[in-house]
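Chemist: Before we start, here is the structure in question, set down as structure tokens.
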Amino acid sequence: MPCSRVFPQFCGPVLSFLGAFLLSVSAAAAADVTVNASVTHQTMLGWGAVTPWLMDVPDLLVGQIIDTAVNDLGLTRLRYEGPSGNRAEDRRWEWGNDDDDPLHVNWSAYNTASLDAKVQKYVVPFQQAVQANGDPFSIYLSPSFFNGGSSGSPSTWMLRSPGEYAEYATSMLLRLRDVHNITADYYCICNEAGNDNPFSAAIVGRMIKAVGPRLQQLGLSTTIQFPECVSANTSWSYIQALAGDERVWEHVGLLSYHLYGSNTQRPSIRDFGAARGLPTAQTEYMGLTIDHLYDDLTLGGVSFWELYGQGFPAPDNNRTSFSLPSRYWDMRQVMHYVRPGAVRVDATSNDGTVRSLGFVNDGKTTVVLLNKAAASVAQTVTVTGLPAGSYGVSRSVGSGVCQELGLQTVDGSGQLSLSVPKNAVLTIYPHEAGNLPPTLTAWKSSAAFLKVGGPGSTTLSASATDPEGDGVSYTWSVQSQPAGASAVLANPNAASTAATGLAAPGQYVFNVAVHDGSHTVNRQVALNVLEGNQPPVLIDVHNRLPVQLTLPGSSTTLRSGAWDLEADPLTL
């Protein structure tokens with residue numbers, strides 16, 4: 001109904017109010033981001049994660065997990081935790097003192113078999129994948145000595161003797177170098193020093209002054225990662241405690257912290273490191289989000305950032321497929337496109353709900369827009385300060401998979417305007433000359449496994465997105481199957497197809513080839529057909545509290561976990 005027919009005396013004020021309201025809505029739905037490449041911050045050195053520890057994962061699945069973590073997510077760095085604790089299938093790196101000479105390594109006293117197996121299964125292929133991309137591979141060692149945790153307290157002979165501790169530390173580093181041709185970049189004296197362990201700042205400092213010179217004597221380029229405490233504020237207290245001890249600092253190569261507790265001192269760590277020419281790193285927090293990443297990059301000035309517990313896809317119980325962490329696609333919007341060597345530059349937003357990150361690598365600019373704040377709305381964001389050229393645009397909305405939005409051209413104005421949905425992370429990245437391959441976002445079987453005598457069929461499906469917006473096609477094939485099997489694909493030239501004839505027991509492997517007209521990308525889907533009910537699987541059988549029982553103590557706690565493929569109820 002027209003305004004003039006109802007309370008005409010209010011028409012002017014109402015229209016004025018509506019005009020102001022619409023202008024405010026319009027202003028709230030548009031934001032400006034300015035990139036200033038002349039203002040530089042830290043250089044990115046790598047994206048990290050903890051080395052996987054499950055050893056019952058088949059090589060085919062391990063290869064897929066590493067390929068996804070390195071080539072899709074963008075990991076380049078590993079945190080390696082040496083053998084520790086007391087488990088049914090394992091024991092500590094050095095369970096008892098090897099001998100009474102800290103300058104002589106008695107290798108028979110060390111758990112080399114466990115280290116060798118884990119390094120060969122995960123570390124070596126990870127290193128090869130990273131270096132194949134032309135990225136620098138990085139690894140650091142971080143032992144734990146929790147009094148109440150599964151690692152167990154440090155042995156008295158190790159804690160009381162810096163020389164014996166130096167032997168413990170360098171023996172692991174030597175094994176990596178001399179047997180596996182891997183030199184660790186950094187060594188951490190104690191993971192979360194001071195958190196349920198006796199490693200005070202004074203003890204850590206004493207160990208650094210023993211380990212550092214020994215590293216040099218052995219020809220190892222490894223330096224110390226310090227202090228790796230439970231929070232940034234605790235880490236800062238350790239840094240302050242040893243700030244005046246130059247014998248410590250001549251061996252430190254990296255400042256690191258975790259995020260449990262108070263972290264208001266991240267800028268202090270950043271500035272202290274900058275003054276000494278030391279990079280910084282965030283290396284652990286359970287439940288990391290894109291907000292933590294933004295704060296660590298800006299407040300902590302970190303060059304290394306570790307996606308703790310979420311970096312590697314987790315193998316499913318069937319041991320033929322894996323699951324991605326819930327924050328995978330958010331993190332990928334930064335980690336996949338911002339490679340080691342990129343320098344963070346100023347990228348400022350005039351709207352607090354749209355945060356921005358800018359990076360320059362070899363003269364090319366990447367911008368990440370984070371529209372994830374609770375008060376965020378769909379935005380039209382204009383980015384200024386981009387070098388002229390061709391750019392790809394990728395986004396992840398909510399927890400959804402990445403979506404490539406095609407190419408954009410930036411002219412001499414250096415401006416690009418884009419629609420950024422609410423709860424989205426959007427990346428503007430330089431598009432190199434030529435056509436880029438499609439990105440697979442899923443490839444799977446509808447059945448986690450099959451049983452002999454069952455339906456003998458499953459549905460295979462895949463999905464992909466293409467940087468240039470090219471159409472993609474799919475071709476399925478049977479790569480391998482058990483002897484006597486006769487698998488049939490109903491529609492092999494579709495994104496989804498039924499696979500039948502899966503009657504013989506054993507493993508079936510299907511290949512999907514995804515084409516964009518210029519490239520073909522292949523992925524494999526494995527499926528087991530099993531005979532009968534499968535037994536439950538015990539995991540992590542160990543004792544703790546305490547791990548190593550000594551008199552006059554007379555008890556400890558036994559722990560274990562288990563899973564069942566068919567999800568049958570379990571009893572102990």
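Ordered as shown in the structure tokens, chains take letters A, B, and onward, while each chain numbers its residues from 1 and ligands are numbered from 1 in the order shown.
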Neighbours of stretch 227-229 of chain A within 6 Å (only C-alpha atoms; same-chain residues fewer than 2 positions away dropped), as a list of chain:residue names?
Modeler: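 Close residues of stretch 227-229 of chain A: A:Asn191, A:Glu192, A:Ala193, A:Ser231, A:Thr234, A:Ser235, A:Ser256, A:Tyr257.
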Chemist: With N, CA and C atoms retained, could you export that selection as a PDB file, in the first residue's frame?
Modeler:
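Saved file again19.pdb follows:
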ATOM      1  N   ASN A 191      59.238 -31.294  24.628  1.00  0.00           N
ATOM      2  CA  ASN A 191      57.913 -30.846  24.233  1.00  0.00           C
ATOM      3  C   ASN A 191      57.150 -30.360  25.469  1.00  0.00           C
ATOM      4  N   GLU A 192      56.701 -29.104  25.412  1.00  0.00           N
ATOM      5  CA  GLU A 192      55.966 -28.476  26.513  1.00  0.00           C
ATOM      6  C   GLU A 192      56.753 -28.525  27.825  1.00  0.00           C
ATOM      7  N   ALA A 193      57.963 -28.008  27.757  1.00  0.00           N
ATOM      8  CA  ALA A 193      58.798 -27.935  28.956  1.00  0.00           C
ATOM      9  C   ALA A 193      58.043 -27.232  30.074  1.00  0.00           C
ATOM     10  N   SER A 231      52.055 -22.696  26.162  1.00  0.00           N
ATOM     11  CA  SER A 231      51.375 -21.501  25.666  1.00  0.00           C
ATOM     12  C   SER A 231      52.411 -20.467  25.266  1.00  0.00           C
ATOM     13  N   THR A 234      53.813 -18.856  28.531  1.00  0.00           N
ATOM     14  CA  THR A 234      54.812 -19.692  29.199  1.00  0.00           C
ATOM     15  C   THR A 234      56.104 -19.698  28.395  1.00  0.00           C
ATOM     16  N   SER A 235      55.989 -19.789  27.097  1.00  0.00           N
ATOM     17  CA  SER A 235      57.189 -19.746  26.251  1.00  0.00           C
ATOM     18  C   SER A 235      57.944 -18.431  26.456  1.00  0.00           C
ATOM     19  N   SER A 256      59.450 -21.205  19.297  1.00  0.00           N
ATOM     20  CA  SER A 256      58.159 -21.850  19.050  1.00  0.00           C
ATOM     21  C   SER A 256      57.302 -21.859  20.309  1.00  0.00           C
ATOM     22  N   TYR A 257      55.997 -21.980  20.103  1.00  0.00           N
ATOM     23  CA  TYR A 257      55.059 -22.003  21.211  1.00  0.00           C
ATOM     24  C   TYR A 257      53.832 -22.818  20.838  1.00  0.00           C
TER      25      TYR A 257
END
Chemist: When you look at A:Gly456 with a cut-off of 12 Å (counting only C-alpha atoms), what residues show up, excluding the ones that are within fewer than 3 positions of it in the same chain? I need them as a list in words.
Modeler: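 Skipping anything fewer than 3 positions along the chain leaves Ala447, Phe449, Leu450, Lys451, Val452, Gly453, Thr459, Ala485, Ser486, Ala487, Val488, Ala498, Ala499, Thr500, Gly501, Leu502, Ala503, Ala504, Pro505, Tyr508, Leu527, Asn528, Val529 and Leu530 of chain A.
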Chemist: Keeping only N, CA and C atoms, write the selected residues to a file as a PDB file, in the first residue's frame.
Modeler:
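Once everything was written out, this is part_25.pdb:
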ATOM      1  N   ALA A 447      30.226 -48.129  -0.309  1.00  0.00           N
ATOM      2  CA  ALA A 447      30.400 -49.170   0.708  1.00  0.00           C
ATOM      3  C   ALA A 447      31.804 -49.087   1.284  1.00  0.00           C
ATOM      4  N   PHE A 449      33.150 -51.524   2.926  1.00  0.00           N
ATOM      5  CA  PHE A 449      33.646 -52.870   2.643  1.00  0.00           C
ATOM      6  C   PHE A 449      32.446 -53.719   2.268  1.00  0.00           C
ATOM      7  N   LEU A 450      32.706 -54.876   1.703  1.00  0.00           N
ATOM      8  CA  LEU A 450      31.653 -55.821   1.362  1.00  0.00           C
ATOM      9  C   LEU A 450      31.970 -57.178   1.968  1.00  0.00           C
ATOM     10  N   LYS A 451      30.956 -58.033   2.051  1.00  0.00           N
ATOM     11  CA  LYS A 451      31.123 -59.392   2.560  1.00  0.00           C
ATOM     12  C   LYS A 451      30.783 -60.406   1.469  1.00  0.00           C
ATOM     13  N   VAL A 452      31.506 -61.508   1.467  1.00  0.00           N
ATOM     14  CA  VAL A 452      31.186 -62.604   0.554  1.00  0.00           C
ATOM     15  C   VAL A 452      29.757 -63.070   0.842  1.00  0.00           C
ATOM     16  N   GLY A 453      28.984 -63.241  -0.210  1.00  0.00           N
ATOM     17  CA  GLY A 453      27.587 -63.625  -0.045  1.00  0.00           C
ATOM     18  C   GLY A 453      26.655 -62.445   0.068  1.00  0.00           C
ATOM     19  N   THR A 459      28.667 -48.277  -5.256  1.00  0.00           N
ATOM     20  CA  THR A 459      28.624 -47.128  -6.162  1.00  0.00           C
ATOM     21  C   THR A 459      29.909 -46.339  -6.009  1.00  0.00           C
ATOM     22  N   ALA A 485      37.790 -62.959 -10.156  1.00  0.00           N
ATOM     23  CA  ALA A 485      36.740 -61.946 -10.034  1.00  0.00           C
ATOM     24  C   ALA A 485      36.393 -61.387 -11.408  1.00  0.00           C
ATOM     25  N   SER A 486      35.183 -60.850 -11.520  1.00  0.00           N
ATOM     26  CA  SER A 486      34.756 -60.265 -12.801  1.00  0.00           C
ATOM     27  C   SER A 486      33.946 -59.001 -12.531  1.00  0.00           C
ATOM     28  N   ALA A 487      34.624 -57.974 -12.048  1.00  0.00           N
ATOM     29  CA  ALA A 487      33.968 -56.711 -11.746  1.00  0.00           C
ATOM     30  C   ALA A 487      33.490 -56.044 -13.031  1.00  0.00           C
ATOM     31  N   VAL A 488      32.319 -55.422 -12.959  1.00  0.00           N
ATOM     32  CA  VAL A 488      31.726 -54.750 -14.110  1.00  0.00           C
ATOM     33  C   VAL A 488      31.324 -53.336 -13.698  1.00  0.00           C
ATOM     34  N   ALA A 498      27.871 -47.600 -10.935  1.00  0.00           N
ATOM     35  CA  ALA A 498      27.726 -48.807 -10.137  1.00  0.00           C
ATOM     36  C   ALA A 498      28.822 -49.791 -10.529  1.00  0.00           C
ATOM     37  N   ALA A 499      29.380 -50.466  -9.523  1.00  0.00           N
ATOM     38  CA  ALA A 499      30.347 -51.535  -9.758  1.00  0.00           C
ATOM     39  C   ALA A 499      29.741 -52.822  -9.226  1.00  0.00           C
ATOM     40  N   THR A 500      29.603 -53.808 -10.081  1.00  0.00           N
ATOM     41  CA  THR A 500      28.988 -55.075  -9.687  1.00  0.00           C
ATOM     42  C   THR A 500      29.958 -56.222  -9.949  1.00  0.00           C
ATOM     43  N   GLY A 501      29.536 -57.415  -9.574  1.00  0.00           N
ATOM     44  CA  GLY A 501      30.390 -58.582  -9.766  1.00  0.00           C
ATOM     45  C   GLY A 501      31.492 -58.686  -8.734  1.00  0.00           C
ATOM     46  N   LEU A 502      31.289 -58.061  -7.573  1.00  0.00           N
ATOM     47  CA  LEU A 502      32.310 -58.058  -6.526  1.00  0.00           C
ATOM     48  C   LEU A 502      32.043 -59.202  -5.566  1.00  0.00           C
ATOM     49  N   ALA A 503      32.162 -60.415  -6.079  1.00  0.00           N
ATOM     50  CA  ALA A 503      31.799 -61.598  -5.304  1.00  0.00           C
ATOM     51  C   ALA A 503      32.998 -62.307  -4.694  1.00  0.00           C
ATOM     52  N   ALA A 504      34.124 -62.313  -5.374  1.00  0.00           N
ATOM     53  CA  ALA A 504      35.296 -63.029  -4.881  1.00  0.00           C
ATOM     54  C   ALA A 504      35.949 -62.262  -3.739  1.00  0.00           C
ATOM     55  N   PRO A 505      36.423 -62.958  -2.712  1.00  0.00           N
ATOM     56  CA  PRO A 505      37.089 -62.261  -1.608  1.00  0.00           C
ATOM     57  C   PRO A 505      38.432 -61.685  -2.034  1.00  0.00           C
ATOM     58  N   TYR A 508      39.691 -55.046  -4.363  1.00  0.00           N
ATOM     59  CA  TYR A 508      39.431 -54.492  -5.684  1.00  0.00           C
ATOM     60  C   TYR A 508      39.936 -53.051  -5.680  1.00  0.00           C
ATOM     61  N   LEU A 527      38.607 -51.296  -2.317  1.00  0.00           N
ATOM     62  CA  LEU A 527      37.463 -51.876  -1.614  1.00  0.00           C
ATOM     63  C   LEU A 527      37.762 -53.337  -1.309  1.00  0.00           C
ATOM     64  N   ASN A 528      37.598 -53.725  -0.056  1.00  0.00           N
ATOM     65  CA  ASN A 528      37.832 -55.109   0.344  1.00  0.00           C
ATOM     66  C   ASN A 528      36.519 -55.875   0.404  1.00  0.00           C
ATOM     67  N   VAL A 529      36.539 -57.098  -0.128  1.00  0.00           N
ATOM     68  CA  VAL A 529      35.446 -58.050   0.046  1.00  0.00           C
ATOM     69  C   VAL A 529      35.941 -59.109   1.015  1.00  0.00           C
ATOM     70  N   LEU A 530      35.271 -59.219   2.154  1.00  0.00           N
ATOM     71  CA  LEU A 530      35.773 -60.007   3.275  1.00  0.00           C
ATOM     72  C   LEU A 530      34.938 -61.263   3.493  1.00  0.00           C
TER      73      LEU A 530
END
Chemist: When DSSP works through the backbone of this structure, what residues of stretch 24-125 of chain A end up as helix (DSSP H, G or I), shown as number ranges by chain?
Modeler: A: 24-28, 59-73, 107-109, 112-125
Chemist: Filtering to N, CA and C atoms, could you give me those residues as an mmCIF file, in the first residue's frame?
Modeler:
data_model
loop_
_atom_site.group_PDB
_atom_site.id
_atom_site.type_symbol
_atom_site.label_atom_id
_atom_site.label_comp_id
_atom_site.auth_asym_id
_atom_site.auth_seq_id
_atom_site.Cartn_x
_atom_site.Cartn_y
_atom_site.Cartn_z
ATOM 1 N N SER A 24 22.960 2.162 4.706
ATOM 2 C CA SER A 24 23.795 1.483 5.681
ATOM 3 C C SER A 24 23.973 0.021 5.323
ATOM 4 N N VAL A 25 22.874 -0.627 4.819
ATOM 5 C CA VAL A 25 22.981 -2.017 4.385
ATOM 6 C C VAL A 25 23.952 -2.132 3.229
ATOM 7 N N SER A 26 23.842 -1.191 2.278
ATOM 8 C CA SER A 26 24.744 -1.210 1.129
ATOM 9 C C SER A 26 26.183 -1.055 1.573
ATOM 10 N N ALA A 27 26.419 -0.139 2.540
ATOM 11 C CA ALA A 27 27.787 0.075 3.012
ATOM 12 C C ALA A 27 28.311 -1.150 3.721
ATOM 13 N N ALA A 28 27.418 -1.828 4.506
ATOM 14 C CA ALA A 28 27.848 -3.008 5.254
ATOM 15 C C ALA A 28 28.151 -4.169 4.335
ATOM 16 N N ASP A 59 50.212 -49.652 2.189
ATOM 17 C CA ASP A 59 51.018 -48.689 1.437
ATOM 18 C C ASP A 59 50.188 -47.865 0.458
ATOM 19 N N LEU A 60 49.168 -48.480 -0.161
ATOM 20 C CA LEU A 60 48.329 -47.732 -1.104
ATOM 21 C C LEU A 60 47.652 -46.567 -0.403
ATOM 22 N N LEU A 61 47.140 -46.810 0.801
ATOM 23 C CA LEU A 61 46.461 -45.752 1.536
ATOM 24 C C LEU A 61 47.452 -44.729 2.074
ATOM 25 N N VAL A 62 48.611 -45.187 2.530
ATOM 26 C CA VAL A 62 49.650 -44.251 2.973
ATOM 27 C C VAL A 62 50.021 -43.299 1.845
ATOM 28 N N GLY A 63 50.179 -43.844 0.641
ATOM 29 C CA GLY A 63 50.518 -43.004 -0.506
ATOM 30 C C GLY A 63 49.454 -41.956 -0.782
ATOM 31 N N GLN A 64 48.180 -42.336 -0.668
ATOM 32 C CA GLN A 64 47.096 -41.381 -0.901
ATOM 33 C C GLN A 64 47.064 -40.307 0.185
ATOM 34 N N ILE A 65 47.305 -40.705 1.420
ATOM 35 C CA ILE A 65 47.295 -39.758 2.530
ATOM 36 C C ILE A 65 48.418 -38.736 2.365
ATOM 37 N N ILE A 66 49.611 -39.203 2.041
ATOM 38 C CA ILE A 66 50.739 -38.285 1.851
ATOM 39 C C ILE A 66 50.520 -37.405 0.634
ATOM 40 N N ASP A 67 50.020 -37.973 -0.443
ATOM 41 C CA ASP A 67 49.745 -37.177 -1.647
ATOM 42 C C ASP A 67 48.750 -36.060 -1.349
ATOM 43 N N THR A 68 47.701 -36.378 -0.605
ATOM 44 C CA THR A 68 46.696 -35.366 -0.270
ATOM 45 C C THR A 68 47.285 -34.305 0.643
ATOM 46 N N ALA A 69 48.039 -34.736 1.658
ATOM 47 C CA ALA A 69 48.599 -33.791 2.629
ATOM 48 C C ALA A 69 49.624 -32.858 2.002
ATOM 49 N N VAL A 70 50.431 -33.369 1.093
ATOM 50 C CA VAL A 70 51.510 -32.575 0.493
ATOM 51 C C VAL A 70 51.022 -31.821 -0.738
ATOM 52 N N ASN A 71 50.440 -32.532 -1.681
ATOM 53 C CA ASN A 71 50.140 -31.924 -2.978
ATOM 54 C C ASN A 71 48.815 -31.166 -3.001
ATOM 55 N N ASP A 72 47.917 -31.481 -2.083
ATOM 56 C CA ASP A 72 46.653 -30.748 -2.060
ATOM 57 C C ASP A 72 46.639 -29.738 -0.911
ATOM 58 N N LEU A 73 46.808 -30.209 0.318
ATOM 59 C CA LEU A 73 46.797 -29.280 1.448
ATOM 60 C C LEU A 73 48.010 -28.360 1.428
ATOM 61 N N TRP A 107 74.579 -48.851 20.142
ATOM 62 C CA TRP A 107 73.343 -48.889 19.369
ATOM 63 C C TRP A 107 72.413 -50.028 19.767
ATOM 64 N N SER A 108 72.934 -51.090 20.342
ATOM 65 C CA SER A 108 72.072 -52.213 20.727
ATOM 66 C C SER A 108 71.087 -51.827 21.828
ATOM 67 N N ALA A 109 71.323 -50.723 22.524
ATOM 68 C CA ALA A 109 70.439 -50.287 23.609
ATOM 69 C C ALA A 109 69.328 -49.365 23.118
ATOM 70 N N THR A 112 65.992 -48.768 17.590
ATOM 71 C CA THR A 112 66.174 -48.320 16.208
ATOM 72 C C THR A 112 65.135 -48.918 15.266
ATOM 73 N N ALA A 113 64.646 -50.123 15.565
ATOM 74 C CA ALA A 113 63.696 -50.774 14.656
ATOM 75 C C ALA A 113 62.424 -49.951 14.520
ATOM 76 N N SER A 114 61.912 -49.434 15.641
ATOM 77 C CA SER A 114 60.688 -48.631 15.595
ATOM 78 C C SER A 114 60.911 -47.339 14.823
ATOM 79 N N LEU A 115 62.009 -46.660 15.099
ATOM 80 C CA LEU A 115 62.311 -45.420 14.380
ATOM 81 C C LEU A 115 62.457 -45.695 12.888
ATOM 82 N N ASP A 116 63.209 -46.717 12.543
ATOM 83 C CA ASP A 116 63.457 -47.012 11.130
ATOM 84 C C ASP A 116 62.159 -47.298 10.382
ATOM 85 N N ALA A 117 61.273 -48.093 10.999
ATOM 86 C CA ALA A 117 60.026 -48.468 10.323
ATOM 87 C C ALA A 117 59.145 -47.245 10.085
ATOM 88 N N LYS A 118 59.023 -46.392 11.081
ATOM 89 C CA LYS A 118 58.157 -45.209 10.953
ATOM 90 C C LYS A 118 58.725 -44.224 9.947
ATOM 91 N N VAL A 119 60.037 -44.038 9.972
ATOM 92 C CA VAL A 119 60.665 -43.100 9.046
ATOM 93 C C VAL A 119 60.508 -43.580 7.610
ATOM 94 N N GLN A 120 60.708 -44.870 7.380
ATOM 95 C CA GLN A 120 60.589 -45.396 6.028
ATOM 96 C C GLN A 120 59.143 -45.361 5.529
ATOM 97 N N LYS A 121 58.190 -45.562 6.439
ATOM 98 C CA LYS A 121 56.795 -45.611 6.023
ATOM 99 C C LYS A 121 56.236 -44.228 5.734
ATOM 100 N N TYR A 122 56.632 -43.229 6.537
ATOM 101 C CA TYR A 122 56.022 -41.911 6.421
ATOM 102 C C TYR A 122 56.993 -40.791 6.055
ATOM 103 N N VAL A 123 58.129 -40.732 6.743
ATOM 104 C CA VAL A 123 58.987 -39.553 6.587
ATOM 105 C C VAL A 123 59.651 -39.523 5.218
ATOM 106 N N VAL A 124 60.225 -40.633 4.792
ATOM 107 C CA VAL A 124 60.931 -40.650 3.509
ATOM 108 C C VAL A 124 60.003 -40.323 2.341
ATOM 109 N N PRO A 125 58.831 -40.972 2.204
ATOM 110 C CA PRO A 125 57.953 -40.599 1.081
ATOM 111 C C PRO A 125 57.410 -39.181 1.206
#
Chemist: May I have the residues within 8 Å of A:Thr43 as a PyMOL selection string, using only C-alpha atoms and disregarding those fewer than 3 positions away in the same chain?
Modeler: chain A and resi 303+340-344
Chemist: Write a file of the just-selected residues containing N, CA and C atoms, as a PDB file, in the first residue's frame.
Modeler:
ATOM      1  N   SER A 303      56.670 -18.049  10.959  1.00  0.00           N
ATOM      2  CA  SER A 303      57.135 -18.501   9.642  1.00  0.00           C
ATOM      3  C   SER A 303      56.797 -19.965   9.412  1.00  0.00           C
ATOM      4  N   PRO A 340      56.250 -21.922   0.697  1.00  0.00           N
ATOM      5  CA  PRO A 340      57.464 -21.453   1.380  1.00  0.00           C
ATOM      6  C   PRO A 340      58.242 -20.478   0.504  1.00  0.00           C
ATOM      7  N   GLY A 341      58.734 -19.430   1.131  1.00  0.00           N
ATOM      8  CA  GLY A 341      59.420 -18.361   0.414  1.00  0.00           C
ATOM      9  C   GLY A 341      58.556 -17.137   0.226  1.00  0.00           C
ATOM     10  N   ALA A 342      57.240 -17.294   0.404  1.00  0.00           N
ATOM     11  CA  ALA A 342      56.342 -16.149   0.292  1.00  0.00           C
ATOM     12  C   ALA A 342      56.549 -15.211   1.474  1.00  0.00           C
ATOM     13  N   VAL A 343      56.508 -13.932   1.227  1.00  0.00           N
ATOM     14  CA  VAL A 343      56.652 -12.918   2.266  1.00  0.00           C
ATOM     15  C   VAL A 343      55.277 -12.324   2.552  1.00  0.00           C
ATOM     16  N   ARG A 344      54.902 -12.319   3.823  1.00  0.00           N
ATOM     17  CA  ARG A 344      53.636 -11.675   4.165  1.00  0.00           C
ATOM     18  C   ARG A 344      53.790 -10.167   4.067  1.00  0.00           C
TER      19      ARG A 344
END
Chemist: Give me every strand (DSSP E) residue in stretch 424-554 of chain A, going by DSSP on the backbone, as a ChimeraX atom specification.
Modeler: /A:424-430,439-445,450-451,458-465,473-480,488-489,496-500,506-515,520-530,537-544
Chemist: Leaving out stretch 308-318 of chain A and any residue of its chain fewer than 2 positions from it, which residues lie within 7 Å of it when counting only C-alpha atoms, given as a ChimeraX atom specification?
Modeler: /A:49-50,65,69,283-286,306,320-325,448-449,565
Chemist: Tell me which protein, DNA and RNA residues are within 7 Å of stretch 423-436 of chain A, counting only C-alpha atoms, leaving out same-chain ones fewer than 3 positions away, and put them as a ChimeraX atom specification.
Modeler: /A:330,333,337,364-372,390-398,420,467,518
Chemist: List as a list in words the protein and nucleic acid residues near A:His542, meaning an atom at most 10 Å away when only C-alpha atoms are counted, but skip any in the same chain fewer than 3 places from it.
Modeler: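 So the residues in contact are Gly85, Asn86, Arg87, Ala88, Glu89, Asp90, Arg91, Ser150, Ile539, Val547, Thr557, Leu558, Arg559, Ser560 and Gly561 of chain A.
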Chemist: Print the selection's residues with N, CA and C atoms to a file, as a tab-separated table (two decimals), in the first residue's frame.
Modeler:
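Produced file again-v9.tsv, reproduced below:
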chain	number	residue	atom	x	y	z
A	85	GLY	N	57.46	-44.03	25.88
A	85	GLY	CA	56.44	-44.73	26.65
A	85	GLY	C	56.72	-46.21	26.77
A	86	ASN	N	55.66	-46.97	27.02
A	86	ASN	CA	55.78	-48.41	27.21
A	86	ASN	C	54.52	-49.05	26.67
A	87	ARG	N	54.57	-49.50	25.42
A	87	ARG	CA	53.42	-50.08	24.76
A	87	ARG	C	53.70	-51.53	24.40
A	88	ALA	N	52.63	-52.25	24.09
A	88	ALA	CA	52.79	-53.67	23.79
A	88	ALA	C	53.72	-53.88	22.60
A	89	GLU	N	53.69	-52.94	21.67
A	89	GLU	CA	54.47	-53.11	20.44
A	89	GLU	C	55.67	-52.17	20.37
A	90	ASP	N	55.95	-51.47	21.43
A	90	ASP	CA	57.00	-50.45	21.35
A	90	ASP	C	57.60	-50.21	22.73
A	91	ARG	N	58.67	-49.44	22.73
A	91	ARG	CA	59.27	-48.98	23.97
A	91	ARG	C	60.03	-47.71	23.67
A	150	SER	N	51.53	-40.70	28.59
A	150	SER	CA	51.95	-42.00	28.07
A	150	SER	C	53.43	-42.06	27.74
A	539	ILE	N	44.30	-51.28	19.95
A	539	ILE	CA	45.26	-50.22	19.63
A	539	ILE	C	45.80	-49.63	20.92
A	547	VAL	N	54.47	-44.72	33.88
A	547	VAL	CA	54.90	-45.56	32.77
A	547	VAL	C	55.96	-46.55	33.22
A	557	THR	N	48.51	-48.05	35.88
A	557	THR	CA	47.21	-48.14	35.20
A	557	THR	C	47.40	-48.74	33.81
A	558	LEU	N	46.60	-49.74	33.48
A	558	LEU	CA	46.65	-50.35	32.16
A	558	LEU	C	45.60	-49.68	31.26
A	559	ARG	N	45.99	-49.38	30.04
A	559	ARG	CA	45.09	-48.71	29.12
A	559	ARG	C	45.17	-49.34	27.73
A	560	SER	N	44.07	-49.20	27.00
A	560	SER	CA	44.06	-49.65	25.61
A	560	SER	C	42.83	-49.08	24.92
A	561	GLY	N	42.79	-49.21	23.63
A	561	GLY	CA	41.63	-48.84	22.85
A	561	GLY	C	41.37	-49.95	21.84
Chemist: If we count only C-alpha atoms and set the cut-off at 12 Å, which residues sit around A:Asp178, ignoring sequence neighbours fewer than 4 positions away in its own chain? Please answer as a ChimeraX atom specification.
Modeler: /A:116,170-174,182-184,218-220
Chemist: How about saving the chosen residues, C-alpha atoms kept, as an mmCIF file, in the first residue's frame?
Modeler:
data_model
loop_
_atom_site.group_PDB
_atom_site.id
_atom_site.type_symbol
_atom_site.label_atom_id
_atom_site.label_comp_id
_atom_site.auth_asym_id
_atom_site.auth_seq_id
_atom_site.Cartn_x
_atom_site.Cartn_y
_atom_site.Cartn_z
ATOM 1 C CA ASP A 116 63.457 -47.012 11.130
ATOM 2 C CA THR A 170 72.121 -36.741 19.039
ATOM 3 C CA SER A 171 71.748 -40.517 18.712
ATOM 4 C CA MET A 172 68.282 -39.998 17.177
ATOM 5 C CA LEU A 173 69.618 -37.278 14.896
ATOM 6 C CA LEU A 174 72.534 -39.476 13.830
ATOM 7 C CA ILE A 182 67.649 -37.038 6.638
ATOM 8 C CA THR A 183 69.126 -34.138 8.596
ATOM 9 C CA ALA A 184 66.676 -32.541 11.011
ATOM 10 C CA LEU A 218 79.134 -34.288 14.909
ATOM 11 C CA GLY A 219 78.809 -32.116 11.809
ATOM 12 C CA LEU A 220 75.051 -31.750 12.172
#
Chemist: For A:Ala29, which residue among A:Gln240, A:Gln127, A:Asn350, A:Gln265 is the nearest when counting only C-alpha atoms?
Modeler: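 Of all the options, A:Asn350 lies closest to A:Ala29.
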Chemist: Figure out the distance between atom CA of A:Ala464 and atom CA of A:Thr439, please, to one decimal in Å.
Modeler: 5.4 Å
Chemist: Pick out the closest residue to A:Ser399 from this set: A:Leu254, A:Met331, A:Val377, A:Ala210. Count only C-alpha atoms.
Modeler: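 Using only C-alpha atoms, A:Ser399 sits closest to A:Met331.
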Chemist: Go through A:Gln42, A:Ser326, A:Cys190, A:Gly385 and flag the residue nearest A:Ala274, using only C-alpha atoms for the distances.
Modeler: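 Answer, going by the shortest atom-to-atom distance: A:Gln42.
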Chemist: Could you tell me how far atom CA of A:Pro58 lies from atom CA of A:Trp443, in Å and to one decimal?
Modeler: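 Here the two named atoms are 17.9 Å from each other.
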